[in-house]
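K.L.:
File start01.pdb follows (PDB, C-alpha atoms and all ligand atoms):
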```pdb
ATOM      1  CA  MET A   1    -111.597  -2.116  65.453
ATOM      2  CA  LYS A   2    -108.205  -3.743  65.072
ATOM      3  CA  ASN A   3    -105.095  -2.119  66.380
ATOM      4  CA  TRP A   4    -103.961   0.424  63.806
ATOM      5  CA  HIS A   5    -100.343  -0.573  64.108
ATOM      6  CA  GLU A   6    -101.026  -4.171  63.156
ATOM      7  CA  ASN A   7    -102.349  -2.867  59.884
ATOM      8  CA  CYS A   8     -99.680  -0.350  59.000
ATOM      9  CA  ASN A   9     -97.954  -2.708  56.594
ATOM     10  CA  GLY A  10     -99.596  -4.557  53.753
ATOM     11  CA  VAL A  11    -102.852  -3.611  52.099
ATOM     12  CA  TRP A  12    -105.941  -2.480  53.965
ATOM     13  CA  TRP A  13    -108.871  -0.132  53.701
ATOM     14  CA  LEU A  14    -110.274   2.519  55.926
ATOM     15  CA  GLY A  15    -113.967   2.330  55.223
ATOM     16  CA  ASN A  16    -117.151   4.114  56.146
ATOM     17  CA  VAL A  17    -115.475   7.508  56.545
ATOM     18  CA  LYS A  18    -116.169  11.033  55.371
ATOM     19  CA  VAL A  19    -113.225  11.675  53.080
ATOM     20  CA  VAL A  20    -112.048  15.284  52.961
ATOM     21  CA  ASP A  21    -110.268  15.788  49.647
ATOM     22  CA  PRO A  22    -109.009  19.387  49.398
ATOM     23  CA  GLU A  23    -107.427  18.783  46.002
ATOM     24  CA  ALA A  24    -110.775  17.868  44.512
ATOM     25  CA  GLY A  25    -112.561  20.391  46.736
ATOM     26  CA  ARG A  26    -115.066  17.954  48.138
ATOM     27  CA  VAL A  27    -116.111  15.806  51.062
ATOM     28  CA  PHE A  28    -117.727  12.440  50.417
ATOM     29  CA  ALA A  29    -118.705   9.209  52.140
ATOM     30  CA  GLY A  30    -116.156   6.681  51.028
ATOM     31  CA  ALA A  31    -113.218   4.414  51.623
ATOM     32  CA  VAL A  32    -109.476   4.742  51.310
ATOM     33  CA  LYS A  33    -107.039   2.039  50.313
ATOM     34  CA  VAL A  34    -103.683   2.018  52.077
ATOM     35  CA  GLU A  35    -100.763   0.112  50.625
ATOM     36  CA  GLY A  36     -97.377   0.001  52.349
ATOM     37  CA  GLY A  37     -98.362   2.961  54.517
ATOM     38  CA  ARG A  38     -99.419   5.125  51.578
ATOM     39  CA  ILE A  39    -102.787   6.101  50.159
ATOM     40  CA  ALA A  40    -103.315   4.034  47.036
ATOM     41  CA  GLU A  41    -106.936   4.775  46.207
ATOM     42  CA  LEU A  42    -109.933   6.862  47.214
ATOM     43  CA  ARG A  43    -113.391   5.671  46.328
ATOM     44  CA  GLU A  44    -116.959   6.646  47.017
ATOM     45  CA  GLY A  45    -119.097   4.170  48.911
ATOM     46  CA  ASP A  46    -117.873   1.004  50.605
ATOM     47  CA  ALA A  47    -114.528  -0.728  50.486
ATOM     48  CA  PRO A  48    -114.519  -3.840  48.264
ATOM     49  CA  ASN A  49    -115.648  -7.121  49.814
ATOM     50  CA  GLY A  50    -113.042  -9.501  51.116
ATOM     51  CA  GLU A  51    -110.519  -6.817  52.010
ATOM     52  CA  THR A  52    -109.179  -5.907  55.436
ATOM     53  CA  VAL A  53    -111.283  -2.920  56.458
ATOM     54  CA  LEU A  54    -111.048  -0.690  59.494
ATOM     55  CA  ASP A  55    -114.428   0.803  60.243
ATOM     56  CA  GLY A  56    -114.222   4.591  60.482
ATOM     57  CA  GLU A  57    -117.862   5.253  61.238
ATOM     58  CA  GLY A  58    -118.496   8.782  62.444
ATOM     59  CA  LEU A  59    -114.981   9.922  61.511
ATOM     60  CA  HIS A  60    -113.616  12.356  58.983
ATOM     61  CA  LEU A  61    -110.437  11.512  57.137
ATOM     62  CA  ALA A  62    -108.414  14.533  56.063
ATOM     63  CA  PRO A  63    -104.826  15.363  55.238
ATOM     64  CA  GLY A  64    -102.897  16.307  58.366
ATOM     65  CA  LEU A  65    -104.006  19.684  59.665
ATOM     66  CA  ILE A  66    -101.643  22.583  60.293
ATOM     67  CA  ASP A  67    -102.057  24.737  63.401
ATOM     68  CA  LEU A  68    -100.336  28.088  62.923
ATOM     69  CA  HIS A  69    -100.538  29.306  66.513
ATOM     70  CA  VAL A  70     -99.704  26.908  69.338
ATOM     71  CA  HIS A  71     -98.291  27.471  72.834
ATOM     72  CA  LEU A  72     -96.075  24.571  73.812
ATOM     73  CA  ARG A  73     -94.878  26.383  76.974
ATOM     74  CA  GLU A  74     -91.553  24.586  77.144
ATOM     75  CA  PRO A  75     -89.140  25.753  78.452
ATOM     76  CA  GLY A  76     -90.390  27.583  81.518
ATOM     77  CA  PHE A  77     -94.014  26.573  81.953
ATOM     78  CA  GLU A  78     -93.832  22.793  81.801
ATOM     79  CA  GLU A  79     -96.626  22.504  84.348
ATOM     80  CA  LYS A  80     -98.967  23.860  81.657
ATOM     81  CA  GLU A  81     -97.669  22.096  78.558
ATOM     82  CA  THR A  82     -94.530  20.544  77.093
ATOM     83  CA  VAL A  83     -93.460  19.933  73.520
ATOM     84  CA  ALA A  84     -94.331  16.270  74.050
ATOM     85  CA  THR A  85     -97.791  16.786  75.581
ATOM     86  CA  GLY A  86     -98.693  19.442  73.014
ATOM     87  CA  SER A  87     -97.538  17.178  70.200
ATOM     88  CA  ARG A  88     -99.616  14.356  71.610
ATOM     89  CA  ALA A  89    -102.736  16.517  71.796
ATOM     90  CA  ALA A  90    -102.127  17.780  68.263
ATOM     91  CA  ALA A  91    -101.672  14.312  66.797
ATOM     92  CA  ARG A  92    -104.763  13.104  68.613
ATOM     93  CA  GLY A  93    -106.762  15.867  66.942
ATOM     94  CA  GLY A  94    -105.425  15.274  63.445
ATOM     95  CA  VAL A  95    -102.893  18.100  63.529
ATOM     96  CA  THR A  96     -99.617  16.908  62.028
ATOM     97  CA  THR A  97     -97.792  20.235  61.780
ATOM     98  CA  LEU A  98     -97.768  23.029  64.313
ATOM     99  CA  CYS A  99     -96.087  26.396  64.712
ATOM    100  CA  SER A 100     -94.975  26.963  68.294
ATOM    101  CA  MET A 101     -95.106  30.512  69.619
ATOM    102  CA  PRO A 102     -91.955  31.953  71.220
ATOM    103  CA  ASN A 103     -93.422  33.231  74.497
ATOM    104  CA  THR A 104     -91.749  30.610  76.631
ATOM    105  CA  GLN A 105     -89.436  31.358  79.576
ATOM    106  CA  PRO A 106     -86.879  32.258  78.389
ATOM    107  CA  ILE A 107     -88.405  33.645  75.215
ATOM    108  CA  CYS A 108     -87.389  31.744  72.097
ATOM    109  CA  ASP A 109     -85.197  34.480  70.654
ATOM    110  CA  ASP A 110     -82.004  32.813  69.450
ATOM    111  CA  GLY A 111     -80.812  29.825  67.476
ATOM    112  CA  SER A 112     -80.057  27.576  70.426
ATOM    113  CA  LYS A 113     -83.599  27.948  71.779
ATOM    114  CA  VAL A 114     -85.075  27.139  68.380
ATOM    115  CA  ALA A 115     -82.790  24.099  68.209
ATOM    116  CA  PHE A 116     -83.892  23.027  71.707
ATOM    117  CA  ILE A 117     -87.566  23.012  70.720
ATOM    118  CA  ARG A 118     -86.833  21.097  67.541
ATOM    119  CA  ALA A 119     -84.827  18.529  69.496
ATOM    120  CA  ARG A 120     -87.680  18.092  71.960
ATOM    121  CA  ALA A 121     -90.099  17.695  69.068
ATOM    122  CA  ALA A 122     -87.886  15.053  67.482
ATOM    123  CA  GLU A 123     -87.805  13.158  70.792
ATOM    124  CA  ALA A 124     -91.601  13.244  70.962
ATOM    125  CA  GLY A 125     -91.702  12.154  67.326
ATOM    126  CA  LEU A 126     -95.418  12.756  66.873
ATOM    127  CA  CYS A 127     -95.773  15.746  64.608
ATOM    128  CA  ARG A 128     -93.806  18.379  62.766
ATOM    129  CA  VAL A 129     -93.057  21.269  65.133
ATOM    130  CA  LEU A 130     -92.022  24.481  63.394
ATOM    131  CA  PRO A 131     -90.769  27.014  65.953
ATOM    132  CA  VAL A 132     -91.691  30.664  65.583
ATOM    133  CA  GLY A 133     -88.869  32.854  66.912
ATOM    134  CA  ALA A 134     -89.254  36.206  68.623
ATOM    135  CA  VAL A 135     -88.872  39.363  66.517
ATOM    136  CA  THR A 136     -87.129  41.224  69.336
ATOM    137  CA  LYS A 137     -84.899  40.015  72.153
ATOM    138  CA  ALA A 138     -87.046  38.748  75.024
ATOM    139  CA  SER A 139     -89.973  40.204  73.036
ATOM    140  CA  THR A 140     -89.456  43.564  74.754
ATOM    141  CA  GLY A 141     -89.466  45.456  71.468
ATOM    142  CA  ASP A 142     -86.165  47.176  72.248
ATOM    143  CA  GLU A 143     -83.611  45.217  70.272
ATOM    144  CA  LEU A 144     -83.922  43.016  67.220
ATOM    145  CA  ALA A 145     -83.363  39.313  67.904
ATOM    146  CA  ASP A 146     -80.912  37.364  65.743
ATOM    147  CA  LEU A 147     -83.422  36.387  63.111
ATOM    148  CA  GLY A 148     -80.835  34.945  60.735
ATOM    149  CA  GLU A 149     -79.454  32.585  63.346
ATOM    150  CA  MET A 150     -82.949  31.406  64.209
ATOM    151  CA  LEU A 151     -83.732  30.777  60.541
ATOM    152  CA  GLU A 152     -80.572  28.691  60.248
ATOM    153  CA  ASN A 153     -81.756  26.636  63.199
ATOM    154  CA  GLY A 154     -85.174  25.963  61.742
ATOM    155  CA  ALA A 155     -87.428  28.853  62.751
ATOM    156  CA  VAL A 156     -90.332  29.063  60.331
ATOM    157  CA  ALA A 157     -91.462  32.636  61.131
ATOM    158  CA  PHE A 158     -91.120  35.446  63.657
ATOM    159  CA  SER A 159     -93.552  36.962  66.113
ATOM    160  CA  ASP A 160     -93.547  38.654  69.487
ATOM    161  CA  ASP A 161     -96.827  36.798  69.938
ATOM    162  CA  GLY A 162     -98.779  38.266  72.857
ATOM    163  CA  VAL A 163     -97.412  41.745  72.292
ATOM    164  CA  PRO A 164     -97.154  43.681  69.057
ATOM    165  CA  VAL A 165     -93.693  45.040  68.150
ATOM    166  CA  LYS A 166     -94.123  48.446  69.737
ATOM    167  CA  SER A 167     -92.034  50.581  67.401
ATOM    168  CA  ALA A 168     -92.794  50.965  63.711
ATOM    169  CA  VAL A 169     -89.094  51.476  63.007
ATOM    170  CA  MET A 170     -88.226  48.162  64.672
ATOM    171  CA  MET A 171     -90.979  46.372  62.797
ATOM    172  CA  ARG A 172     -89.886  47.901  59.512
ATOM    173  CA  HIS A 173     -86.310  46.831  60.154
ATOM    174  CA  ALA A 174     -87.435  43.262  60.877
ATOM    175  CA  MET A 175     -89.649  43.175  57.803
ATOM    176  CA  GLU A 176     -86.893  44.444  55.537
ATOM    177  CA  LEU A 177     -84.540  41.770  56.824
ATOM    178  CA  CYS A 178     -87.186  39.102  56.422
ATOM    179  CA  ARG A 179     -87.852  40.221  52.873
ATOM    180  CA  THR A 180     -84.246  39.566  51.930
ATOM    181  CA  TRP A 181     -84.620  35.992  53.225
ATOM    182  CA  ASP A 182     -88.185  35.499  52.035
ATOM    183  CA  ALA A 183     -89.034  34.885  55.718
ATOM    184  CA  LEU A 184     -92.327  35.516  57.419
ATOM    185  CA  ILE A 185     -93.448  37.765  60.280
ATOM    186  CA  MET A 186     -96.663  36.870  62.088
ATOM    187  CA  SER A 187     -97.736  40.019  63.843
ATOM    188  CA  HIS A 188     -99.969  39.922  66.881
ATOM    189  CA  ALA A 189    -101.695  43.224  66.190
ATOM    190  CA  GLU A 190    -103.763  44.904  68.885
TER     191      GLU A 190
HETATM  192 ZN    ZN B 201    -100.407  33.361  71.270
END
```
Translate the structure described by the file into C-alpha cells.
P.N.:
Amino acid sequence: MKNWHENCNGVWWLGNVKVVDPEAGRVFAGAVKVEGGRIAELREGDAPNGETVLDGEGLHLAPGLIDLHVHLREPGFEEKETVATGSRAAARGGVTTLCSMPNTQPICDDGSKVAFIRARAAEAGLCRVLPVGAVTKASTGDELADLGEMLENGAVAFSDDGVPVKSAVMMRHAMELCRTWDALIMSHAE
C-alpha cells in the first residue's frame, strides 16, 4: 500500500473495502473515488481499471465516528492519557469527534478549563474534541458551575460524569438553565 499522504491530492480510489453508507442505510463491498481530498463517487464492486487504487482489503470505510464519552485525563492524570494521546487513539480507530468528560484534576468546571482542553486538541490536530463541562463546581453537587461561561468557551454538554448530581433541586436548576440555551445535560445516573 502506498503512503496515504502521497495520495491526498489528485484523483485516486480506495478499493476493495466494505463501504458503510448510513445515508443509504447499507453496507456493501465497493470502491470510493477521492478527488482533491473529497469523496467524489461510491460504487459497488471494483475501482475502474487504470486508476490509482489503494487496496483496503479487510477494512470498513465509514464516516468518522463520534464517541460521546471519553476520558482524556488531562489536566491532572497525564500518566494515564493526554488530549494528544487520546486523540491519536481515536483517530486510529476511525473516531473523528469525541466528547471529553470533565473529571480531570482540576475538574473541568469553568470556561478557562474548557478553553485549555480545546487548545490542547487544536495542538494535537487529529480530531474534533468537544469538551463536556461539569454541572456543579468540582462535581461535588453543592454549587452550580458557570455553565454559560463554559458554553461560550466551547463546551458541548454538561455532566458530573462518575457521580450523579445528588440533589434533584440542583439538577432541575441546571436543566432549566440548559433549556433556555438549548444545551444538553448528560447525566450519569446510578
Ligand atoms: Zn465516565
K.L.:
Find, counting only C-alpha atoms, the residue in A:Leu68, A:Ser139, A:Cys127, A:Ala89 that gets nearest to A:Met186.
P.N.:
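That would be A:Leu68, the residue with the smallest distance to A:Met186.
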K.L.:
At a cut-off of 9 Å, can you tabulate as JSON lines every residue of stretch 99-124 of chain A near stretch 153-173 of chain A together with its closest atom pair and the distance in Å to one decimal, using only C-alpha atoms and ordering rows by chain then number?
P.N.:
```
{"residue": "A:Cys99", "atom": "CA", "partner": "A:Val156", "partner_atom": "CA", "distance": 7.7}
{"residue": "A:Met101", "atom": "CA", "partner": "A:Asp161", "partner_atom": "CA", "distance": 6.5}
{"residue": "A:Pro102", "atom": "CA", "partner": "A:Asp161", "partner_atom": "CA", "distance": 7.0}
{"residue": "A:Asn103", "atom": "CA", "partner": "A:Asp161", "partner_atom": "CA", "distance": 6.7}
{"residue": "A:Asp110", "atom": "CA", "partner": "A:Asn153", "partner_atom": "CA", "distance": 8.8}
{"residue": "A:Gly111", "atom": "CA", "partner": "A:Asn153", "partner_atom": "CA", "distance": 5.4}
{"residue": "A:Ser112", "atom": "CA", "partner": "A:Asn153", "partner_atom": "CA", "distance": 7.5}
{"residue": "A:Lys113", "atom": "CA", "partner": "A:Asn153", "partner_atom": "CA", "distance": 8.9}
{"residue": "A:Val114", "atom": "CA", "partner": "A:Asn153", "partner_atom": "CA", "distance": 6.2}
{"residue": "A:Ala115", "atom": "CA", "partner": "A:Asn153", "partner_atom": "CA", "distance": 5.7}
{"residue": "A:Arg118", "atom": "CA", "partner": "A:Gly154", "partner_atom": "CA", "distance": 7.7}
```
K.L.:
Got time to write the residues from that selection, C-alpha atoms, as a short mmCIF file (atom, residue, chain, number, x, y, z; two decimals), in the frame of the given file?
P.N.:
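See again.cif below for the written result:
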```cif
data_model
loop_
_atom_site.label_atom_id
_atom_site.label_comp_id
_atom_site.auth_asym_id
_atom_site.auth_seq_id
_atom_site.Cartn_x
_atom_site.Cartn_y
_atom_site.Cartn_z
CA CYS A 99 -96.09 26.40 64.71
CA MET A 101 -95.11 30.51 69.62
CA PRO A 102 -91.96 31.95 71.22
CA ASN A 103 -93.42 33.23 74.50
CA ASP A 110 -82.00 32.81 69.45
CA GLY A 111 -80.81 29.82 67.48
CA SER A 112 -80.06 27.58 70.43
CA LYS A 113 -83.60 27.95 71.78
CA VAL A 114 -85.08 27.14 68.38
CA ALA A 115 -82.79 24.10 68.21
CA ARG A 118 -86.83 21.10 67.54
#
```
K.L.:
May I have the residues within 12 Å of A:Val27 as an MDAnalysis selection string, using only C-alpha atoms and disregarding those fewer than 2 positions away in the same chain?
P.N.:
chainID A and resid 17:25 29:31 42:44 60:62
K.L.:
What is the atom CA of A:Arg179-atom CA of A:Arg120 distance in Å, reported with one decimal?
P.N.:
29.2 Å
K.L.:
Restricting the calculation to all atoms listed in the file, which member of A:Leu184, A:Val11, A:Val53, A:Ala189 is positioned closest to ligand ZN 201 (chain B)?
P.N.:
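Nearest candidate to ligand ZN 201 (chain B) out of A:Leu184, A:Val11, A:Val53, A:Ala189: A:Ala189.
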K.L.:
Using the chain letters and residue numbers of this document, give as an NGL selection string the residues selected by the PyMOL selection byres (((chain A and resi 35) around 10) and not hetatm).
P.N.:
:A and (7-13 or 32-34 or 36-41)
K.L.:
How would you write, as a PyMOL selection string, the residues chosen by the PyMOL selection byres (((chain A and resi 96) around 7) and not hetatm) on this structure?
P.N.:
chain A and resi 64-66+90-91+94-95+97-98+127-128
K.L.:
Here is a test: counting only C-alpha atoms, which residue of A:Gly45, A:Gly50, A:Glu74, A:Lys80 is nearest to A:Phe116?
P.N.:
A:Glu74
K.L.:
Between A:Arg88, A:His188, A:Lys137, A:Arg26, which is the closest to ligand ZN 201 (chain B) once you count only C-alpha atoms and all ligand atoms?
P.N.:
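Once distances to ligand ZN 201 (chain B) are computed over only C-alpha atoms and all ligand atoms, the minimum belongs to A:His188.
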K.L.:
For a quick check of understanding, using all atoms listed in the file, which of A:Val83, A:Asp182, A:Glu149, A:Asp67 has the smallest distance to ligand ZN 201 (chain B)?
P.N.:
A:Asp67
K.L.:
How many Å lie between atom CA of A:Asp142 and atom CA of A:Ala183, rounded to one decimal?
P.N.:
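So the two atoms, atom CA of A:Asp142 and atom CA of A:Ala183, lie 20.8 Å apart.
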K.L.:
Quick one: distance from atom CA of A:Asp55 to atom CA of A:Ala84 in Å, one decimal?
P.N.:
28.9 Å
K.L.:
Given the point (-89.0, 27.4, 77.4) in the coordinates of this file, which residues lie within 7 Å, counting only C-alpha atoms, and how would they look as number ranges by chain?
P.N.:
A: 73-77, 104-107
K.L.:
I need the chosen residues saved as an mmCIF file, in the frame of the given file, with C-alpha atoms.
P.N.:
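Output (out.cif):
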```
data_model
loop_
_atom_site.group_PDB
_atom_site.id
_atom_site.type_symbol
_atom_site.label_atom_id
_atom_site.label_comp_id
_atom_site.auth_asym_id
_atom_site.auth_seq_id
_atom_site.Cartn_x
_atom_site.Cartn_y
_atom_site.Cartn_z
ATOM 1 C CA ARG A 73 -94.878 26.383 76.974
ATOM 2 C CA GLU A 74 -91.553 24.586 77.144
ATOM 3 C CA PRO A 75 -89.140 25.753 78.452
ATOM 4 C CA GLY A 76 -90.390 27.583 81.518
ATOM 5 C CA PHE A 77 -94.014 26.573 81.953
ATOM 6 C CA THR A 104 -91.749 30.610 76.631
ATOM 7 C CA GLN A 105 -89.436 31.358 79.576
ATOM 8 C CA PRO A 106 -86.879 32.258 78.389
ATOM 9 C CA ILE A 107 -88.405 33.645 75.215
#
```
K.L.:
Rank nothing, just name the residue among A:Thr180, A:Thr136, A:Asn49, A:Ser100 nearest to ligand ZN 201 (chain B), using all atoms listed in the file.
P.N.:
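Of A:Thr180, A:Thr136, A:Asn49, A:Ser100, the one nearest ligand ZN 201 (chain B), counting all atoms listed in the file, is A:Ser100.
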K.L.:
Once 8 Å is added on each side, what are the centre and the three edge lengths, in Å to one decimal, of the axis-aligned box enclosing the listed atoms of stretch 62-65 of chain A? Present them as AutoDock Vina command-line options.
P.N.:
```
--center_x -105.7 --center_y 17.1 --center_z 57.5 --size_x 21.5 --size_y 21.2 --size_z 20.4
```
